[in-house]
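Novice: I am sharing protein_34.cif, which consists of mmCIF, C-alpha atoms and all ligand atoms:
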```
data_upload
loop_
_atom_site.label_atom_id
_atom_site.label_comp_id
_atom_site.auth_asym_id
_atom_site.auth_seq_id
_atom_site.Cartn_x
_atom_site.Cartn_y
_atom_site.Cartn_z
CA MET A 1 100.66 91.72 -108.88
CA SER A 2 102.54 92.76 -112.03
CA SER A 3 104.62 90.22 -113.92
CA LEU A 4 107.75 92.11 -112.89
CA ASN A 5 106.86 91.56 -109.25
CA ASP A 6 106.25 87.89 -110.07
CA LEU A 7 109.71 87.75 -111.62
CA ALA A 8 111.24 89.27 -108.48
CA GLU A 9 109.42 86.63 -106.40
CA LEU A 10 110.76 83.82 -108.61
CA VAL A 11 114.30 85.12 -108.05
CA ILE A 12 113.72 85.32 -104.29
CA SER A 13 112.43 81.74 -104.21
CA GLY A 14 115.34 80.55 -106.38
CA ASN A 15 113.00 79.19 -109.06
CA TYR A 16 115.33 79.47 -112.04
CA ASN A 17 113.13 77.59 -114.52
CA GLY A 18 110.24 79.86 -113.61
CA ALA A 19 112.45 82.94 -113.81
CA LYS A 20 113.72 81.87 -117.23
CA GLU A 21 110.21 81.28 -118.60
CA LEU A 22 108.78 84.52 -117.23
CA THR A 23 111.77 86.56 -118.46
CA GLN A 24 111.23 85.12 -121.94
CA ARG A 25 107.51 85.88 -121.76
CA LEU A 26 108.21 89.47 -120.71
CA ILE A 27 110.67 89.86 -123.59
CA ASP A 28 108.09 88.43 -126.04
CA ASN A 29 105.45 90.84 -124.67
CA GLY A 30 107.72 93.77 -125.42
CA THR A 31 108.64 94.73 -121.84
CA GLU A 32 111.70 97.01 -121.79
CA PRO A 33 114.87 94.95 -121.12
CA LEU A 34 116.09 97.39 -118.48
CA GLU A 35 112.73 97.20 -116.69
CA ILE A 36 113.05 93.41 -116.63
CA ILE A 37 116.49 93.74 -115.06
CA ASN A 38 115.86 96.57 -112.62
CA GLN A 39 112.27 95.97 -111.54
CA GLY A 40 112.28 92.19 -111.85
CA LEU A 41 115.60 90.38 -111.58
CA MET A 42 117.62 92.87 -109.53
CA ALA A 43 114.65 93.88 -107.40
CA GLY A 44 114.38 90.23 -106.35
CA MET A 45 118.09 89.92 -105.69
CA ASN A 46 118.05 93.08 -103.57
CA VAL A 47 115.51 91.41 -101.27
CA VAL A 48 117.72 88.30 -101.15
CA GLY A 49 120.66 90.48 -100.07
CA VAL A 50 118.67 92.00 -97.21
CA ARG A 51 117.33 88.63 -96.04
CA PHE A 52 120.76 86.98 -96.22
CA LYS A 53 122.26 89.75 -94.16
CA ALA A 54 119.50 89.40 -91.59
CA GLY A 55 120.13 85.64 -91.34
CA ASP A 56 116.70 84.82 -92.86
CA MET A 57 118.24 83.14 -95.92
CA PHE A 58 121.24 80.82 -96.14
CA VAL A 59 124.06 80.13 -98.61
CA PRO A 60 122.35 77.39 -100.71
CA GLU A 61 119.20 79.50 -101.08
CA VAL A 62 121.19 82.57 -102.08
CA MET A 63 123.02 80.50 -104.69
CA MET A 64 119.69 79.34 -106.16
CA SER A 65 118.47 82.93 -106.27
CA ALA A 66 121.67 84.09 -107.94
CA LYS A 67 121.28 81.32 -110.50
CA ALA A 68 117.67 82.38 -111.17
CA MET A 69 118.79 85.96 -111.63
CA SER A 70 121.68 85.16 -113.95
CA THR A 71 119.47 82.84 -116.03
CA GLY A 72 117.20 85.82 -116.65
CA ILE A 73 120.07 88.25 -117.24
CA GLU A 74 121.54 85.92 -119.90
CA LEU A 75 118.28 86.15 -121.88
CA VAL A 76 117.99 89.93 -121.60
CA LYS A 77 121.66 90.83 -122.09
CA PRO A 78 121.79 90.39 -125.89
CA LEU A 79 118.96 92.93 -126.20
CA ILE A 80 120.87 95.66 -124.39
CA ALA A 81 123.78 97.68 -125.66
CA ASP A 82 126.78 97.34 -123.35
CA ARG A 83 126.67 101.02 -122.42
CA ASP A 84 123.08 100.70 -121.24
CA MET A 85 123.74 97.78 -118.89
CA PRO A 86 123.47 99.17 -115.38
CA SER A 87 127.00 99.15 -113.96
CA ALA A 88 127.93 100.10 -110.45
CA GLY A 89 131.65 99.87 -111.27
CA THR A 90 134.31 97.23 -111.80
CA VAL A 91 135.56 95.05 -108.97
CA LEU A 92 138.54 92.74 -109.24
CA ILE A 93 138.38 89.84 -106.81
CA GLY A 94 140.52 86.88 -105.88
CA THR A 95 141.51 84.49 -103.11
CA VAL A 96 145.02 85.33 -101.98
CA LYS A 97 148.24 83.40 -102.57
CA GLY A 98 148.43 79.94 -101.01
CA ASP A 99 144.68 79.81 -100.35
CA LEU A 100 142.28 77.63 -102.33
CA HIS A 101 139.02 78.42 -100.53
CA ASP A 102 136.52 80.01 -102.91
CA ILE A 103 132.97 79.17 -101.85
CA GLY A 104 132.50 82.43 -99.95
CA LYS A 105 134.28 84.44 -102.64
CA LYS A 106 131.95 83.02 -105.29
CA LEU A 107 129.03 84.12 -103.19
CA VAL A 108 130.49 87.61 -102.95
CA VAL A 109 130.91 87.62 -106.76
CA MET A 110 127.30 86.60 -107.32
CA MET A 111 125.96 89.20 -104.92
CA MET A 112 128.07 91.94 -106.45
CA GLU A 113 127.07 90.99 -109.99
CA SER A 114 123.46 90.99 -108.89
CA ALA A 115 123.93 94.53 -107.61
CA GLY A 116 125.19 95.65 -111.03
CA PHE A 117 128.96 95.49 -110.55
CA LYS A 118 131.14 94.15 -113.33
CA VAL A 119 133.20 91.58 -111.43
CA ILE A 120 136.45 90.12 -112.68
CA ASP A 121 137.11 86.97 -110.69
CA LEU A 122 140.79 86.07 -110.81
CA GLY A 123 140.19 82.76 -109.03
CA VAL A 124 142.24 81.30 -106.18
CA ASP A 125 145.91 81.35 -105.11
CA ILE A 126 146.44 84.85 -106.53
CA SER A 127 149.88 86.33 -105.84
CA PRO A 128 150.44 90.03 -105.10
CA GLU A 129 152.14 90.32 -108.51
CA ALA A 130 149.09 88.82 -110.25
CA PHE A 131 146.79 91.31 -108.47
CA VAL A 132 149.07 94.15 -109.58
CA GLU A 133 149.07 92.97 -113.21
CA ALA A 134 145.30 92.61 -113.18
CA VAL A 135 144.86 96.13 -111.79
CA LYS A 136 147.01 97.47 -114.62
CA GLU A 137 145.00 95.53 -117.18
CA HIS A 138 141.43 96.06 -115.95
CA LYS A 139 141.66 99.37 -114.06
CA PRO A 140 138.99 98.42 -111.51
CA GLN A 141 137.45 100.83 -108.98
CA ALA A 142 137.88 98.25 -106.23
CA ILE A 143 139.76 95.08 -105.34
CA GLY A 144 138.33 92.35 -103.13
CA MET A 145 140.67 89.89 -101.44
CA SER A 146 139.50 86.72 -99.75
CA ALA A 147 141.43 84.53 -97.27
CA LEU A 148 140.22 81.64 -95.14
CA LEU A 149 143.54 80.63 -93.60
CA THR A 150 145.38 82.50 -90.89
CA THR A 151 148.58 81.60 -92.74
CA THR A 152 147.47 83.26 -96.01
CA MET A 153 145.81 86.40 -94.68
CA LEU A 154 149.23 88.08 -94.51
CA SER A 155 149.36 87.92 -98.29
CA MET A 156 146.75 90.69 -98.23
CA ARG A 157 149.32 93.01 -96.68
CA ASP A 158 151.89 91.96 -99.31
CA THR A 159 149.40 92.73 -102.06
CA ILE A 160 148.70 96.20 -100.69
CA GLU A 161 152.44 96.84 -100.43
CA ALA A 162 152.96 95.63 -104.01
CA LEU A 163 150.25 98.03 -105.20
CA GLU A 164 151.91 100.85 -103.26
CA GLU A 165 155.28 100.08 -104.84
CA GLU A 166 153.73 100.29 -108.30
CA GLY A 167 152.02 103.59 -107.47
CA LEU A 168 148.60 101.98 -107.90
CA ARG A 169 147.34 101.95 -104.32
CA ASP A 170 145.40 105.20 -104.53
CA SER A 171 143.69 104.24 -107.80
CA VAL A 172 141.58 101.52 -106.13
CA LYS A 173 139.55 100.86 -103.02
CA ILE A 174 140.59 97.66 -101.25
CA VAL A 175 138.11 95.48 -99.40
CA ILE A 176 138.96 92.26 -97.63
CA GLY A 177 137.04 89.36 -96.15
CA GLY A 178 137.02 85.71 -95.11
CA ALA A 179 136.55 83.91 -91.82
CA PRO A 180 139.79 84.98 -90.05
CA ILE A 181 139.59 88.62 -91.21
CA SER A 182 138.37 91.49 -89.03
CA GLN A 183 137.91 95.23 -89.18
CA SER A 184 140.98 95.74 -87.02
CA PHE A 185 143.10 93.60 -89.38
CA ALA A 186 141.82 95.69 -92.31
CA GLU A 187 142.91 98.84 -90.49
CA GLU A 188 146.25 97.31 -89.54
CA ILE A 189 147.20 96.52 -93.15
CA GLY A 190 145.75 99.69 -94.65
CA ALA A 191 142.74 98.22 -96.50
CA ASP A 192 139.74 100.48 -97.07
CA GLY A 193 137.30 98.11 -95.46
CA TYR A 194 136.23 94.70 -94.25
CA ALA A 195 132.89 92.98 -94.65
CA PRO A 196 131.73 89.82 -92.86
CA ASP A 197 129.46 88.47 -95.61
CA ALA A 198 128.52 88.81 -99.26
CA ALA A 199 125.67 91.25 -98.74
CA ALA A 200 127.79 93.50 -96.53
CA ALA A 201 130.66 93.24 -99.06
CA THR A 202 128.34 94.53 -101.76
CA ASP A 203 127.07 97.39 -99.60
CA LEU A 204 130.63 98.31 -98.69
CA CYS A 205 131.73 98.47 -102.33
CA LYS A 206 128.70 100.58 -103.23
CA LYS A 207 129.61 102.98 -100.43
CA LEU A 208 133.32 103.13 -101.25
CA ILE A 209 132.88 103.54 -105.01
CA ALA A 210 130.00 106.04 -104.88
C1 LIG A 301 135.12 74.14 -97.43
C2 LIG A 301 136.45 74.21 -96.72
C3 LIG A 301 137.57 73.72 -97.39
C4 LIG A 301 137.52 73.21 -98.83
C5 LIG A 301 137.53 74.44 -99.77
C6 LIG A 301 136.68 74.23 -101.03
C7 LIG A 301 136.50 75.50 -101.78
N1 LIG A 301 136.40 75.36 -103.08
O1 LIG A 301 136.41 76.59 -101.24
C8 LIG A 301 138.84 72.37 -98.91
C9 LIG A 301 138.50 70.94 -98.55
C10 LIG A 301 139.54 72.39 -100.25
C11 LIG A 301 139.64 72.98 -97.77
C12 LIG A 301 141.01 72.85 -97.68
C13 LIG A 301 141.76 73.28 -96.60
N2 LIG A 301 141.28 73.83 -95.47
CO1 LIG A 301 139.44 74.44 -95.28
N3 LIG A 301 137.68 74.81 -94.76
C14 LIG A 301 136.55 74.75 -95.40
C15 LIG A 301 135.40 75.17 -94.45
C16 LIG A 301 134.79 73.89 -93.91
C17 LIG A 301 134.29 76.03 -95.01
C18 LIG A 301 134.72 77.32 -95.71
C19 LIG A 301 133.52 77.88 -96.44
O2 LIG A 301 133.37 77.66 -97.64
N4 LIG A 301 132.61 78.57 -95.74
C20 LIG A 301 131.33 79.05 -96.28
C21 LIG A 301 131.50 80.44 -96.90
C22 LIG A 301 130.14 80.91 -97.47
O3 LIG A 301 131.91 81.33 -95.90
P1 LIG A 301 133.23 82.21 -96.01
O4 LIG A 301 134.21 81.52 -96.84
O5 LIG A 301 133.59 82.66 -94.65
O6 LIG A 301 132.76 83.47 -96.86
C23 LIG A 301 131.89 84.49 -96.40
C24 LIG A 301 132.60 85.63 -95.65
O7 LIG A 301 133.81 85.24 -95.05
C25 LIG A 301 132.74 86.72 -96.66
N5 LIG A 301 133.87 86.75 -97.56
C26 LIG A 301 134.57 85.74 -98.10
N6 LIG A 301 135.47 86.19 -98.98
C27 LIG A 301 135.35 87.52 -99.02
C28 LIG A 301 136.02 88.47 -99.77
C29 LIG A 301 135.72 89.82 -99.60
C30 LIG A 301 136.43 90.84 -100.42
C31 LIG A 301 134.73 90.21 -98.66
C32 LIG A 301 134.46 91.66 -98.45
C33 LIG A 301 134.02 89.25 -97.94
C34 LIG A 301 134.33 87.91 -98.12
O8 LIG A 301 131.57 86.58 -97.44
C35 LIG A 301 131.34 85.17 -97.65
C36 LIG A 301 129.89 84.92 -97.93
O9 LIG A 301 129.03 85.41 -96.96
C37 LIG A 301 136.20 75.97 -93.35
C38 LIG A 301 135.57 76.00 -91.96
C39 LIG A 301 134.72 77.23 -91.74
N7 LIG A 301 133.70 77.05 -90.99
O10 LIG A 301 135.00 78.30 -92.23
C40 LIG A 301 137.54 75.24 -93.37
C41 LIG A 301 138.79 75.99 -92.94
C42 LIG A 301 138.80 77.40 -93.48
N8 LIG A 301 139.86 75.20 -93.58
C43 LIG A 301 140.91 75.07 -92.82
C44 LIG A 301 142.10 74.37 -93.19
C45 LIG A 301 143.16 74.21 -92.13
C46 LIG A 301 142.24 73.83 -94.49
C47 LIG A 301 143.46 73.07 -95.02
C48 LIG A 301 144.82 73.63 -94.62
C49 LIG A 301 143.28 71.61 -94.57
C50 LIG A 301 144.45 70.72 -94.90
N9 LIG A 301 145.17 70.36 -93.86
O11 LIG A 301 144.67 70.40 -96.05
C51 LIG A 301 143.24 73.12 -96.53
C52 LIG A 301 143.92 74.35 -97.17
C53 LIG A 301 143.88 74.35 -98.66
C54 LIG A 301 144.34 75.69 -99.18
N10 LIG A 301 145.62 75.79 -99.50
O12 LIG A 301 143.58 76.62 -99.22
C55 LIG A 301 140.74 75.78 -91.49
C56 LIG A 301 141.54 77.08 -91.40
C57 LIG A 301 142.18 77.26 -90.04
C58 LIG A 301 142.87 78.57 -89.97
N11 LIG A 301 142.42 79.37 -89.03
O13 LIG A 301 143.74 78.87 -90.70
C59 LIG A 301 139.19 75.92 -91.40
C60 LIG A 301 138.71 77.14 -90.57
C61 LIG A 301 138.67 74.60 -90.76
C62 LIG A 301 139.12 74.43 -89.30
N12 LIG A 301 138.27 74.75 -88.35
O14 LIG A 301 140.20 73.99 -89.05
N13 LIG A 301 138.85 73.62 -96.89
#
```
Output the structure of this file as structure tokens.
Ligand code: B12

Specialist:
Amino acid sequence: MSSLNDLAELVISGNYNGAKELTQRLIDNGTEPLEIINQGLMAGMNVVGVRFKAGDMFVPEVMMSAKAMSTGIELVKPLIADRDMPSAGTVLIGTVKGDLHDIGKKLVVMMMESAGFKVIDLGVDISPEAFVEAVKEHKPQAIGMSALLTTTMLSMRDTIEALEEEGLRDSVKIVIGGAPISQSFAEEIGADGYAPDAAAATDLCKKLIA
């Protein structure tokens, strides 16, 4: 087994100390930084995504894997020019107005970052106006909105309407998620898609942005 495969395995098992040490060793041995990312760290995280989706891995394990991956990325990043960092696009994400739940959203952020997206996490309790301002500032390819309360999910519709009013709706893909959200609700409010979990959210963004 090559060391890059070993690195992928360390990410899958969530062994962040091991992943950190092996990433450093690979750097010291002169392995190409992009190889370390693509064939080691991200290769491992891709497997995690598939297993999570299949119900073979659970939230705490995925978080450990994401930590292992980001520990490695932090070491490799300074060696890579920004333009060479693999980027699948920019996604702006936030939990909607009135809602403070962010555990699932953080998981979505980690999964998306692992898949090479640049993710701007606006945090929680994000008003339609704040989403609009952030779209103007960051010009993302996609927006992700999260809601865990039936009382706050309507803020997703308000956000889409606010983007329409500003003439920004067609410049971004809009994906939504959270426990009370469904595909039919996404269709009802004019979002581009819904995903039930972090792995599916990542796949959806890849598909929509491609
Ligand atoms: C943890 C929790 C809290 C924590 C939140 C901590 C935090 N930092 O997030 C605290 C204690 C603060 C909290 C507070 C409240 N909560 Co609460 N909470 C929960 C609980 C137990 C778990 C939520 C969770 O983290 N799940 C785990 C994650 C991994 O799953 P997830 O969030 O669904 O995310 C996944 C997917 O939905 C999807 N996804 C998520 N976001 C996005 C975004 C996009 C773009 C996409 C594509 C996908 C996606 O991917 C994620 C990962 O796979 C749920 C019960 C439940 N089983 O859902 C209640 C629950 C959501 N809470 C509830 C309530 C009522 C409240 C309070 C109003 C309670 C109160 N009276 O004060 C307050 C509201 C505070 C507020 N204004 O937001 C209710 C909501 C009922 C309803 N239908 O509206 C629930 C369902 C509990 C219940 N059965 O009554 N809560």

Novice: Need the neighbours of (127.0, 98.8, -100.2): which residues are at most 12 Å away, counting all atoms listed in the file, as JSON, numbers by chain?

Specialist: {"A": [46, 49, 50, 53, 88, 111, 112, 115, 116, 117, 175, 193, 194, 195, 197, 198, 199, 200, 201, 202, 203, 204, 205, 206, 207, 208, 209, 210]}

Novice: Is it possible to get the axis-aligned box enclosing ligand LIG 301 (chain A) (all listed atoms, 6 Å extra per side) as AutoDock Vina command-line options, with centre and edge lengths in Å rounded to one decimal?

Specialist:
```
--center_x 137.3 --center_y 81.0 --center_z -95.7 --size_x 28.6 --size_y 33.3 --size_z 26.7
```

Novice: Could I get the residue neighbourhood of ligand LIG 301 (chain A) at 8 Å, counting all atoms listed in the file, as a short mmCIF file (atom, residue, chain, number, x, y, z; two decimals) with C-alpha atoms, in the frame of the given file?

Specialist:
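The resulting file, part-v2.cif, is shown below:
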```
data_model
loop_
_atom_site.label_atom_id
_atom_site.label_comp_id
_atom_site.auth_asym_id
_atom_site.auth_seq_id
_atom_site.Cartn_x
_atom_site.Cartn_y
_atom_site.Cartn_z
CA VAL A 59 124.06 80.13 -98.61
CA ILE A 93 138.38 89.84 -106.81
CA GLY A 94 140.52 86.88 -105.88
CA THR A 95 141.51 84.49 -103.11
CA GLY A 98 148.43 79.94 -101.01
CA ASP A 99 144.68 79.81 -100.35
CA LEU A 100 142.28 77.63 -102.33
CA HIS A 101 139.02 78.42 -100.53
CA ASP A 102 136.52 80.01 -102.91
CA ILE A 103 132.97 79.17 -101.85
CA GLY A 104 132.50 82.43 -99.95
CA LYS A 105 134.28 84.44 -102.64
CA LYS A 106 131.95 83.02 -105.29
CA LEU A 107 129.03 84.12 -103.19
CA VAL A 108 130.49 87.61 -102.95
CA ASP A 125 145.91 81.35 -105.11
CA ILE A 143 139.76 95.08 -105.34
CA GLY A 144 138.33 92.35 -103.13
CA MET A 145 140.67 89.89 -101.44
CA SER A 146 139.50 86.72 -99.75
CA ALA A 147 141.43 84.53 -97.27
CA LEU A 148 140.22 81.64 -95.14
CA LEU A 149 143.54 80.63 -93.60
CA THR A 150 145.38 82.50 -90.89
CA THR A 151 148.58 81.60 -92.74
CA THR A 152 147.47 83.26 -96.01
CA VAL A 175 138.11 95.48 -99.40
CA ILE A 176 138.96 92.26 -97.63
CA GLY A 177 137.04 89.36 -96.15
CA GLY A 178 137.02 85.71 -95.11
CA ALA A 179 136.55 83.91 -91.82
CA PRO A 180 139.79 84.98 -90.05
CA ILE A 181 139.59 88.62 -91.21
CA GLY A 193 137.30 98.11 -95.46
CA TYR A 194 136.23 94.70 -94.25
CA ALA A 195 132.89 92.98 -94.65
CA PRO A 196 131.73 89.82 -92.86
CA ASP A 197 129.46 88.47 -95.61
CA ALA A 198 128.52 88.81 -99.26
CA ALA A 199 125.67 91.25 -98.74
CA ALA A 200 127.79 93.50 -96.53
CA ALA A 201 130.66 93.24 -99.06
CA THR A 202 128.34 94.53 -101.76
CA LEU A 204 130.63 98.31 -98.69
#
```

Novice: Between A:Leu92, A:Met110, A:Ala186, A:Met64, which is the closest to Gly123 of chain A once you count all atoms listed in the file?

Specialist: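 Closest to Gly123 of chain A of all the choices is A:Leu92.
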
Novice: Please determine, counting only C-alpha atoms, which residue among A:Val132, A:Ala8, A:Gln183, A:Met69 has the shortest atom-to-atom distance to Ala43 of chain A.

Specialist: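 Answer, going by the shortest atom-to-atom distance: A:Ala8.
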
Novice: Looking at A:Ser171, A:Ser182, A:Ser3, A:Gln141, which one is nearest to Val91 of chain A, with distances taken over all atoms listed in the file?

Specialist: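 The answer is A:Gln141, which sits nearest to Val91 of chain A.
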
Novice: Kindly give the distance, in Å, that separates atom CA of Val172 of chain A and atom CA of Lys67 of chain A, rounded to a single decimal.

Specialist: 29.0 Å

Novice: Tell me which of A:Pro60, A:Gly72, A:Thr159, A:Lys173 sits closest to Gly89 of chain A, counting all atoms listed in the file.

Specialist: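 Comparing A:Pro60, A:Gly72, A:Thr159, A:Lys173 against Gly89 of chain A, the winner is A:Lys173.
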
Novice: What separation in Å, quoted to one decimal, exists between atom CA of Glu32 of chain A and atom CA of Val47 of chain A?

Specialist: 21.6 Å

Novice: Anything within 6 Å of (108.6, 93.0, -118.4): list those residues as a PyMOL selection string, counting all atoms listed in the file and sticking to the file's coordinates.

Specialist: chain A and resi 4+26+31+36

Novice: In Å, rounded to a single decimal, give me how far atom CA of Arg157 of chain A is from atom CA of Lys97 of chain A.

Specialist: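 Separation of atom CA of Lys97 of chain A and atom CA of Arg157 of chain A: 11.3 Å.
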
Novice: Would you pick out the contacts of Ala134 of chain A at 9 Å or less, using all atoms listed in the file, so that residues sharing its chain but fewer than 5 positions from it are not included, and give the list as a list in words?

Specialist: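 Non-adjacent residues within range: Leu92, Leu122, Glu129, Lys139 and Pro140 of chain A.
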
Novice: Quick one: of A:Met156, A:Leu163, A:Val124, A:Val62, who's nearest to Lys136 of chain A, counting all atoms listed in the file?

Specialist: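 Among the listed residues, the smallest separation from Lys136 of chain A belongs to A:Leu163.
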
Novice: Pick out the closest residue to Gln39 of chain A from this set: A:Asn5, A:Thr90, A:Asn15, A:Ser114. Count all atoms listed in the file.

Specialist: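 Of the candidates, the smallest distance to Gln39 of chain A is held by A:Asn5.
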
Novice: Fix up segment 42-61 of chain A with N, CA and C atoms, then write it as a PDB file, in the coordinates of the input.

Specialist:
```pdb
ATOM      1  N   MET A  42     116.802  92.252-110.591  1.00  0.00           N
ATOM      2  CA  MET A  42     117.620  92.870-109.530  1.00  0.00           C
ATOM      3  C   MET A  42     116.779  93.208-108.310  1.00  0.00           C
ATOM      4  N   ALA A  43     115.522  93.581-108.547  1.00  0.00           N
ATOM      5  CA  ALA A  43     114.650  93.880-107.400  1.00  0.00           C
ATOM      6  C   ALA A  43     114.558  92.648-106.505  1.00  0.00           C
ATOM      7  N   GLY A  44     114.437  91.468-107.136  1.00  0.00           N
ATOM      8  CA  GLY A  44     114.380  90.230-106.350  1.00  0.00           C
ATOM      9  C   GLY A  44     115.675  89.991-105.607  1.00  0.00           C
ATOM     10  N   MET A  45     116.786  90.197-106.305  1.00  0.00           N
ATOM     11  CA  MET A  45     118.090  89.920-105.690  1.00  0.00           C
ATOM     12  C   MET A  45     118.383  90.902-104.555  1.00  0.00           C
ATOM     13  N   ASN A  46     117.863  92.117-104.668  1.00  0.00           N
ATOM     14  CA  ASN A  46     118.050  93.080-103.570  1.00  0.00           C
ATOM     15  C   ASN A  46     117.391  92.564-102.285  1.00  0.00           C
ATOM     16  N   VAL A  47     116.208  91.967-102.436  1.00  0.00           N
ATOM     17  CA  VAL A  47     115.510  91.410-101.270  1.00  0.00           C
ATOM     18  C   VAL A  47     116.330  90.254-100.694  1.00  0.00           C
ATOM     19  N   VAL A  48     116.891  89.431-101.599  1.00  0.00           N
ATOM     20  CA  VAL A  48     117.720  88.300-101.150  1.00  0.00           C
ATOM     21  C   VAL A  48     118.896  88.820-100.311  1.00  0.00           C
ATOM     22  N   GLY A  49     119.523  89.898-100.780  1.00  0.00           N
ATOM     23  CA  GLY A  49     120.660  90.480-100.070  1.00  0.00           C
ATOM     24  C   GLY A  49     120.277  90.890 -98.648  1.00  0.00           C
ATOM     25  N   VAL A  50     119.130  91.535 -98.535  1.00  0.00           N
ATOM     26  CA  VAL A  50     118.670  92.000 -97.210  1.00  0.00           C
ATOM     27  C   VAL A  50     118.382  90.802 -96.308  1.00  0.00           C
ATOM     28  N   ARG A  51     117.694  89.796 -96.864  1.00  0.00           N
ATOM     29  CA  ARG A  51     117.330  88.630 -96.040  1.00  0.00           C
ATOM     30  C   ARG A  51     118.551  87.821 -95.624  1.00  0.00           C
ATOM     31  N   PHE A  52     119.533  87.727 -96.530  1.00  0.00           N
ATOM     32  CA  PHE A  52     120.760  86.980 -96.220  1.00  0.00           C
ATOM     33  C   PHE A  52     121.501  87.664 -95.075  1.00  0.00           C
ATOM     34  N   LYS A  53     121.561  88.974 -95.179  1.00  0.00           N
ATOM     35  CA  LYS A  53     122.260  89.750 -94.160  1.00  0.00           C
ATOM     36  C   LYS A  53     121.587  89.597 -92.794  1.00  0.00           C
ATOM     37  N   ALA A  54     120.251  89.510 -92.841  1.00  0.00           N
ATOM     38  CA  ALA A  54     119.500  89.400 -91.590  1.00  0.00           C
ATOM     39  C   ALA A  54     119.500  87.970 -91.045  1.00  0.00           C
ATOM     40  N   GLY A  55     120.098  87.034 -91.792  1.00  0.00           N
ATOM     41  CA  GLY A  55     120.130  85.640 -91.340  1.00  0.00           C
ATOM     42  C   GLY A  55     118.821  84.899 -91.634  1.00  0.00           C
ATOM     43  N   ASP A  56     117.960  85.484 -92.511  1.00  0.00           N
ATOM     44  CA  ASP A  56     116.700  84.820 -92.860  1.00  0.00           C
ATOM     45  C   ASP A  56     116.842  83.931 -94.088  1.00  0.00           C
ATOM     46  N   MET A  57     117.976  84.039 -94.786  1.00  0.00           N
ATOM     47  CA  MET A  57     118.240  83.140 -95.920  1.00  0.00           C
ATOM     48  C   MET A  57     119.670  82.634 -95.778  1.00  0.00           C
ATOM     49  N   PHE A  58     119.923  81.435 -96.320  1.00  0.00           N
ATOM     50  CA  PHE A  58     121.240  80.820 -96.140  1.00  0.00           C
ATOM     51  C   PHE A  58     121.928  80.587 -97.489  1.00  0.00           C
ATOM     52  N   VAL A  59     123.222  80.219 -97.405  1.00  0.00           N
ATOM     53  CA  VAL A  59     124.060  80.130 -98.610  1.00  0.00           C
ATOM     54  C   VAL A  59     123.406  79.358 -99.770  1.00  0.00           C
ATOM     55  N   PRO A  60     122.899  78.124 -99.556  1.00  0.00           N
ATOM     56  CA  PRO A  60     122.350  77.390-100.710  1.00  0.00           C
ATOM     57  C   PRO A  60     121.179  78.120-101.356  1.00  0.00           C
ATOM     58  N   GLU A  61     120.340  78.762-100.526  1.00  0.00           N
ATOM     59  CA  GLU A  61     119.200  79.500-101.080  1.00  0.00           C
ATOM     60  C   GLU A  61     119.666  80.707-101.892  1.00  0.00           C
TER      61      GLU A  61
END
```
